[in-house]
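Undergrad: Dropping in start39.csv, which is CSV, C-alpha atoms:
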chain,number,residue,atom,x,y,z
B,925,MET,CA,0.0,0.0,0.0
B,926,SER,CA,1.2,3.5,-0.8
B,927,LYS,CA,2.1,6.0,1.9
B,928,ASP,CA,-1.0,8.1,1.0
B,929,GLY,CA,-3.1,4.9,1.3
B,930,GLU,CA,-1.7,4.1,4.7
B,931,LEU,CA,-2.3,7.7,5.8
B,932,GLN,CA,-5.9,7.6,4.5
B,933,ASN,CA,-6.5,4.5,6.6
B,934,ALA,CA,-4.9,6.1,9.6
B,935,VAL,CA,-7.1,9.2,9.3
B,936,LEU,CA,-10.3,7.1,8.9
B,937,ALA,CA,-9.3,5.0,11.9
B,938,GLU,CA,-8.8,8.2,14.0
B,939,LEU,CA,-12.1,9.6,12.8
B,940,ASN,CA,-13.8,6.4,13.9
B,941,PHE,CA,-12.0,6.5,17.3
B,942,GLU,CA,-13.0,10.1,18.0
B,943,PRO,CA,-16.4,10.2,19.8
B,944,SER,CA,-17.3,13.8,18.8
B,945,VAL,CA,-17.1,12.8,15.1
B,946,THR,CA,-19.7,10.9,13.0
B,947,ALA,CA,-17.1,9.1,10.8
B,948,ALA,CA,-19.7,7.5,8.6
B,949,ARG,CA,-20.7,10.9,7.2
B,950,ILE,CA,-17.1,11.9,6.3
B,951,GLY,CA,-15.0,10.9,3.3
B,952,VAL,CA,-11.2,11.1,3.3
B,953,SER,CA,-8.8,11.3,0.3
B,954,VAL,CA,-5.1,11.9,0.5
B,955,GLU,CA,-2.5,13.1,-2.0
B,956,ALA,CA,1.1,13.8,-1.1
B,957,GLY,CA,0.3,14.0,2.6
B,958,ILE,CA,-2.5,16.5,2.0
B,959,VAL,CA,-5.8,15.2,3.5
B,960,THR,CA,-9.1,16.3,2.0
B,961,LEU,CA,-12.3,15.8,4.1
B,962,SER,CA,-15.7,15.7,2.4
B,963,GLY,CA,-19.3,14.8,3.3
B,964,HIS,CA,-22.1,16.3,5.3
B,965,VAL,CA,-22.4,16.8,9.0
B,966,GLU,CA,-25.2,18.2,11.2
B,967,SER,CA,-23.3,21.1,12.9
B,968,TYR,CA,-20.3,23.3,12.5
B,969,ALA,CA,-18.9,21.9,15.8
B,970,HIS,CA,-18.8,18.4,14.1
B,971,LYS,CA,-17.1,19.9,11.1
B,972,HIS,CA,-14.4,21.5,13.2
B,973,ALA,CA,-14.0,18.4,15.3
B,974,ALA,CA,-13.3,16.3,12.2
B,975,GLU,CA,-10.7,18.8,11.0
B,976,LEU,CA,-8.9,18.7,14.3
B,977,THR,CA,-9.0,15.0,14.4
B,978,ALA,CA,-7.4,14.6,11.0
B,979,ARG,CA,-4.7,17.2,11.8
B,980,ARG,CA,-3.4,15.2,14.8
B,981,VAL,CA,-2.7,12.0,12.7
B,982,LYS,CA,1.1,11.4,12.2
B,983,GLY,CA,2.1,12.1,8.6
B,984,VAL,CA,-0.6,14.7,7.8
B,985,LEU,CA,0.9,17.8,6.3
B,986,ALA,CA,-2.3,19.8,5.8
B,987,VAL,CA,-6.0,19.4,5.8
B,988,ALA,CA,-8.5,20.7,3.2
B,989,ASP,CA,-11.8,20.8,4.9
B,990,GLU,CA,-14.6,20.5,2.3
B,991,ILE,CA,-17.2,19.1,4.7
B,992,ILE,CA,-20.7,20.8,4.3
B,993,VAL,CA,-22.8,21.6,7.3
B,994,ASP,CA,-26.3,20.4,6.6
B,995,LEU,CA,-28.4,21.5,9.6
B,996,PRO,CA,-31.4,19.3,10.6
B,997,ALA,CA,-34.7,21.2,10.5
B,998,SER,CA,-34.8,21.0,14.3
B,999,THR,CA,-31.6,23.0,14.7
B,1000,VAL,CA,-32.2,25.7,12.1
B,1001,ARG,CA,-32.3,29.1,13.7
B,1002,SER,CA,-33.0,32.6,12.3
B,1003,ASP,CA,-30.1,34.9,12.0
B,1004,ALA,CA,-31.6,37.1,14.6
B,1005,ALA,CA,-31.9,34.2,17.0
B,1006,ILE,CA,-28.3,33.2,16.4
B,1007,ALA,CA,-27.1,36.8,16.9
B,1008,ALA,CA,-28.9,37.0,20.2
B,1009,ALA,CA,-27.4,33.7,21.3
B,1010,VAL,CA,-23.9,34.9,20.4
B,1011,VAL,CA,-24.3,38.1,22.4
B,1012,GLU,CA,-25.4,36.2,25.4
B,1013,ARG,CA,-22.7,33.6,25.2
B,1014,LEU,CA,-19.9,36.1,24.8
B,1015,ALA,CA,-21.2,38.2,27.7
B,1016,TRP,CA,-20.9,35.1,30.0
B,1017,ASP,CA,-17.3,34.4,29.2
B,1018,SER,CA,-15.0,36.3,31.6
B,1019,ALA,CA,-12.0,35.7,29.3
B,1020,ILE,CA,-13.5,38.1,26.7
B,1021,PRO,CA,-13.3,41.8,27.6
B,1022,GLU,CA,-16.8,43.2,27.9
B,1023,GLU,CA,-18.3,44.6,24.7
B,1024,SER,CA,-15.0,44.1,22.9
B,1025,VAL,CA,-16.4,41.6,20.3
B,1026,LYS,CA,-19.3,42.2,18.0
B,1027,ALA,CA,-21.0,39.7,15.6
B,1028,THR,CA,-22.9,39.8,12.3
B,1029,VAL,CA,-24.9,36.8,11.1
B,1030,ALA,CA,-25.8,36.0,7.5
B,1031,ASP,CA,-27.5,32.7,6.5
B,1032,GLY,CA,-26.2,31.1,9.7
B,1033,TRP,CA,-22.6,32.2,9.1
B,1034,VAL,CA,-21.2,34.2,12.0
B,1035,THR,CA,-18.5,36.9,11.5
B,1036,LEU,CA,-16.8,38.2,14.6
B,1037,HIS,CA,-15.4,41.7,14.7
B,1038,GLY,CA,-13.7,43.8,17.3
B,1039,GLN,CA,-10.3,44.2,19.1
B,1040,VAL,CA,-8.9,42.4,22.1
B,1041,ASP,CA,-5.6,42.5,24.0
B,1042,ARG,CA,-4.5,38.9,23.6
B,1043,HIS,CA,-4.9,36.0,21.0
B,1044,TYR,CA,-6.5,33.6,23.5
B,1045,GLN,CA,-9.4,36.1,23.9
B,1046,SER,CA,-10.0,36.0,20.2
B,1047,GLU,CA,-9.8,32.2,20.3
B,1048,ALA,CA,-12.2,32.1,23.2
B,1049,ALA,CA,-14.8,34.1,21.3
B,1050,VAL,CA,-14.6,31.7,18.3
B,1051,SER,CA,-14.9,28.7,20.6
B,1052,ASN,CA,-18.0,30.1,22.2
B,1053,VAL,CA,-19.8,30.6,18.9
B,1054,ARG,CA,-18.7,27.4,17.2
B,1055,SER,CA,-21.0,25.1,19.2
B,1056,LEU,CA,-24.2,27.2,19.1
B,1057,ARG,CA,-27.2,25.6,17.4
B,1058,GLY,CA,-27.9,26.9,13.9
B,1059,VAL,CA,-24.3,28.1,13.2
B,1060,ARG,CA,-23.1,27.0,9.8
B,1061,GLY,CA,-19.6,28.6,10.0
B,1062,VAL,CA,-17.5,31.2,11.8
B,1063,SER,CA,-15.2,33.9,10.4
B,1064,ASN,CA,-12.8,35.5,12.8
B,1065,GLU,CA,-12.0,39.1,12.0
B,1066,ILE,CA,-11.1,40.1,15.5
B,1067,THR,CA,-7.8,42.0,15.7
B,1068,ILE,CA,-5.2,42.1,18.5
B,1069,ARG,CA,-4.6,45.5,20.0
B,1070,PRO,CA,-0.9,46.5,19.4
B,1071,TRP,CA,1.4,47.0,22.3
B,1072,VAL,CA,3.6,50.0,22.6
B,1073,ASN,CA,6.8,48.1,23.6
B,1074,THR,CA,7.5,45.0,21.6
B,1075,GLU,CA,11.3,45.4,21.6
B,1076,ASN,CA,12.1,42.1,23.4
B,1077,LEU,CA,9.2,40.1,21.8
B,1078,GLY,CA,11.5,37.8,19.7
B,1079,ASN,CA,13.7,37.0,22.7
B,1080,ASP,CA,10.7,36.4,24.9
B,1081,ILE,CA,9.3,33.8,22.5
B,1082,CYS,CA,12.7,32.1,22.1
B,1083,MET,CA,12.9,31.8,25.8
B,1084,ALA,CA,9.4,30.3,26.1
B,1085,LEU,CA,10.2,27.8,23.3
B,1086,SER,CA,13.4,26.8,25.1
B,1087,ARG,CA,11.4,26.0,28.2
B,1088,SER,CA,9.2,23.5,26.3
B,1089,TRP,CA,10.3,19.9,26.1
B,1090,PHE,CA,9.1,19.9,22.5
B,1091,PHE,CA,11.9,22.0,21.1
B,1092,ASP,CA,15.7,22.4,21.0
B,1093,GLN,CA,17.0,26.0,20.9
B,1094,ASP,CA,18.5,25.5,17.4
B,1095,GLU,CA,15.3,24.0,15.9
B,1096,ILE,CA,13.2,27.1,15.5
B,1097,LYS,CA,14.2,30.7,14.5
B,1098,VAL,CA,12.0,33.6,15.7
B,1099,THR,CA,12.0,37.1,14.1
B,1100,ALA,CA,9.7,39.8,15.3
B,1101,ALA,CA,8.9,43.4,14.2
B,1102,GLY,CA,6.2,45.6,15.5
B,1103,GLY,CA,4.2,42.7,17.1
B,1104,ARG,CA,4.4,40.6,13.9
B,1105,VAL,CA,6.2,37.3,14.5
B,1106,ARG,CA,7.7,34.9,11.9
B,1107,LEU,CA,8.6,31.3,12.9
B,1108,SER,CA,10.9,29.2,10.7
B,1109,GLY,CA,12.8,25.9,11.2
B,1110,THR,CA,11.9,22.3,11.3
B,1111,VAL,CA,9.9,20.1,13.7
B,1112,ARG,CA,8.9,16.4,13.8
B,1113,SER,CA,5.1,16.7,13.5
B,1114,PRO,CA,2.2,19.1,12.6
B,1115,HIS,CA,1.3,19.0,16.3
B,1116,GLU,CA,4.8,20.4,17.3
B,1117,ARG,CA,4.4,23.1,14.6
B,1118,GLN,CA,1.0,24.1,16.1
B,1119,VAL,CA,2.5,24.1,19.6
B,1120,ALA,CA,5.2,26.5,18.4
B,1121,ALA,CA,2.6,28.9,17.0
B,1122,ASN,CA,0.6,28.7,20.2
B,1123,VAL,CA,3.7,29.6,22.2
B,1124,ALA,CA,4.3,32.6,20.0
B,1125,TRP,CA,0.7,33.8,20.3
B,1126,SER,CA,1.0,33.6,24.1
B,1127,ALA,CA,3.6,36.4,24.2
B,1128,PRO,CA,2.2,39.8,25.1
B,1129,GLY,CA,2.2,42.2,22.2
B,1130,VAL,CA,1.9,39.6,19.4
B,1131,VAL,CA,-0.6,40.8,16.7
B,1132,ALA,CA,0.2,38.3,14.0
B,1133,VAL,CA,2.1,35.0,13.6
B,1134,GLU,CA,3.5,33.8,10.3
B,1135,ASN,CA,4.3,30.1,10.8
B,1136,ASP,CA,6.8,29.0,8.2
B,1137,ILE,CA,8.0,26.0,10.2
B,1138,THR,CA,8.3,22.8,8.1
B,1139,VAL,CA,7.6,19.2,9.2
B,1140,ALA,CA,10.5,16.9,8.7
Would it be possible to restate this file's structure as structure tokens?
TA:
Amino acid sequence: MSKDGELQNAVLAELNFEPSVTAARIGVSVEAGIVTLSGHVESYAHKHAAELTARRVKGVLAVADEIIVDLPASTVRSDAAIAAAVVERLAWDSAIPEESVKATVADGWVTLHGQVDRHYQSEAAVSNVRSLRGVRGVSNEITIRPWVNTENLGNDICMALSRSWFFDQDEIKVTAAGGRVRLSGTVRSPHERQVAANVAWSAPGVVAVENDITVA
């Protein structure tokens, strides 16, 4: 069996293993390590779970998510109802600064706008909305408020990476300018690549991360 065939079987097995995914509704194809997911699911949360599950399989270089969200009649909500639910959900999350994030809804697709201080606050907003009934998709247009002093940003990220057991100091190069960070180098898996990006996003003052790390 080819490497792509083996990878396809591994992704299918992982989808079947993951309890939050209805694997029977999802098709998997692989070409040169790139996994394409297809099929129909009943919620955006299920679509997102399938993508995350595929990404964690060893050997996956990237995932093209072509899964379609086909809402059952019982979960269809008006845009007004979804918008109201989004406002309420965001208001209850203490991680998100009050009134910092706004939402627009069109045909069940939620677009988040606003400005927050840290990346995790933006991610929290998306996570809150993703699981709401009636949501077909989420676009994140939240921006990170720039910090005045980002002079030591690159060094701070390098030190944080060196504290992680995932990385050696010589594996990853970090460059930073004006809150924008670029990562380069080589790691052993897509998971390590994502971990490096998460570490970079955790640094105060980061407004963008360009992840050019390659997977060996």
Undergrad: Mind checking which residues fall within 10 Å of segment 1061-1072 of chain B, counting all atoms listed in the file, ignoring those fewer than 3 positions away in the same chain, and posting them as a compact mmCIF listing (two decimals) with C-alpha atoms, keeping the file's coordinate frame?
TA:
# COMPACT_ATOMS: atom_id res chain seq x y z
CA SER B 967 -23.30 21.10 12.90
CA TYR B 968 -20.30 23.30 12.50
CA ALA B 969 -18.90 21.90 15.80
CA LYS B 971 -17.10 19.90 11.10
CA HIS B 972 -14.40 21.50 13.20
CA ILE B 992 -20.70 20.80 4.30
CA VAL B 993 -22.80 21.60 7.30
CA SER B 1024 -15.00 44.10 22.90
CA VAL B 1025 -16.40 41.60 20.30
CA LYS B 1026 -19.30 42.20 18.00
CA ALA B 1027 -21.00 39.70 15.60
CA THR B 1028 -22.90 39.80 12.30
CA VAL B 1029 -24.90 36.80 11.10
CA ALA B 1030 -25.80 36.00 7.50
CA ASP B 1031 -27.50 32.70 6.50
CA GLY B 1032 -26.20 31.10 9.70
CA TRP B 1033 -22.60 32.20 9.10
CA VAL B 1034 -21.20 34.20 12.00
CA THR B 1035 -18.50 36.90 11.50
CA LEU B 1036 -16.80 38.20 14.60
CA HIS B 1037 -15.40 41.70 14.70
CA GLY B 1038 -13.70 43.80 17.30
CA GLN B 1039 -10.30 44.20 19.10
CA VAL B 1040 -8.90 42.40 22.10
CA ASP B 1041 -5.60 42.50 24.00
CA ARG B 1042 -4.50 38.90 23.60
CA HIS B 1043 -4.90 36.00 21.00
CA TYR B 1044 -6.50 33.60 23.50
CA GLN B 1045 -9.40 36.10 23.90
CA SER B 1046 -10.00 36.00 20.20
CA GLU B 1047 -9.80 32.20 20.30
CA ALA B 1049 -14.80 34.10 21.30
CA VAL B 1050 -14.60 31.70 18.30
CA SER B 1051 -14.90 28.70 20.60
CA VAL B 1053 -19.80 30.60 18.90
CA ARG B 1054 -18.70 27.40 17.20
CA SER B 1055 -21.00 25.10 19.20
CA GLY B 1058 -27.90 26.90 13.90
CA GLU B 1075 11.30 45.40 21.60
CA GLY B 1102 6.20 45.60 15.50
CA GLY B 1103 4.20 42.70 17.10
CA ARG B 1104 4.40 40.60 13.90
CA PRO B 1128 2.20 39.80 25.10
CA GLY B 1129 2.20 42.20 22.20
CA VAL B 1130 1.90 39.60 19.40
CA VAL B 1131 -0.60 40.80 16.70
CA ALA B 1132 0.20 38.30 14.00
Undergrad: Might you pull out every residue within 12 Å of Leu936 of chain B, with all atoms listed in the file counted and same-chain residues fewer than 5 positions away left off, and present them as a PyMOL selection string?
TA: chain B and resi 929-931+941-942+945-954+959-961+974-975+977-979+981
Undergrad: How far is it from atom CA of Glu955 of chain B to atom CA of Lys1097 of chain B, in Å with one decimal?
TA: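 About the pair atom CA of Glu955 of chain B and atom CA of Lys1097 of chain B: they are 29.3 Å apart.
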Undergrad: Leaving out Arg1112 of chain B and any residue of its chain fewer than 5 positions from it, which residues lie within 12 Å of it when counting all atoms listed in the file, given as a list in words?
TA: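 Contacts, with the query itself left out: Lys982, Gly983, Val984, Leu985, Phe1090, Phe1091, Asp1092, Glu1095, Ile1096, Arg1117, Gln1118, Val1119, Ala1120, Ile1137, Thr1138, Val1139 and Ala1140 of chain B.
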Undergrad: Mind pulling up the distance from atom CA of Trp1089 of chain B to atom CA of Leu1107 of chain B?
TA: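 Distance reported for this atom pair: 17.5 Å.
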Undergrad: Mind pulling up the distance from atom CA of His1115 of chain B to atom CA of Ala1127 of chain B?
TA: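 Computing the Euclidean distance for atom CA of Ala1127 of chain B and atom CA of His1115 of chain B yields 19.2 Å.
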Undergrad: So that I can see what lies close to Asp1080 of chain B, please list as a tab-separated table (two decimals) with C-alpha atoms, in the frame of the given file the residues with an atom at most 10 Å from it, counting only C-alpha atoms and leaving out residues fewer than 3 positions away in the same chain.
TA:
chain	number	residue	atom	x	y	z
B	1074	THR	CA	7.50	45.00	21.60
B	1075	GLU	CA	11.30	45.40	21.60
B	1076	ASN	CA	12.10	42.10	23.40
B	1077	LEU	CA	9.20	40.10	21.80
B	1083	MET	CA	12.90	31.80	25.80
B	1084	ALA	CA	9.40	30.30	26.10
B	1085	LEU	CA	10.20	27.80	23.30
B	1086	SER	CA	13.40	26.80	25.10
B	1098	VAL	CA	12.00	33.60	15.70
B	1124	ALA	CA	4.30	32.60	20.00
B	1127	ALA	CA	3.60	36.40	24.20
B	1128	PRO	CA	2.20	39.80	25.10
Undergrad: Out of B:Asp1017, B:Glu1012, B:Asp1003, B:Glu1023, which residue has the shortest atom-to-atom distance to Ala1048 of chain B when counting all atoms listed in the file?
TA: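 Ranked by minimum distance to Ala1048 of chain B, first place goes to B:Asp1017.
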Undergrad: With distances taken over all atoms listed in the file, which residue among B:Arg1106, B:Ile1020, B:Arg1057, B:Ala934 lies nearest Ala997 of chain B?
TA: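 Ranked by minimum distance to Ala997 of chain B, first place goes to B:Arg1057.
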Undergrad: I need the residue nearest Thr999 of chain B from this list: B:Val1123, B:Leu1056, B:Leu976, B:Ile958. Use all atoms listed in the file for the distance.
TA: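 For Thr999 of chain B, the nearest of the candidates is B:Leu1056.
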Undergrad: Find, counting only C-alpha atoms, the residue in B:Val1111, B:Ala1009, B:Ile1081, B:Gln1093 that gets nearest to Val1133 of chain B.
TA: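 Nearest candidate to Val1133 of chain B out of B:Val1111, B:Ala1009, B:Ile1081, B:Gln1093: B:Ile1081.
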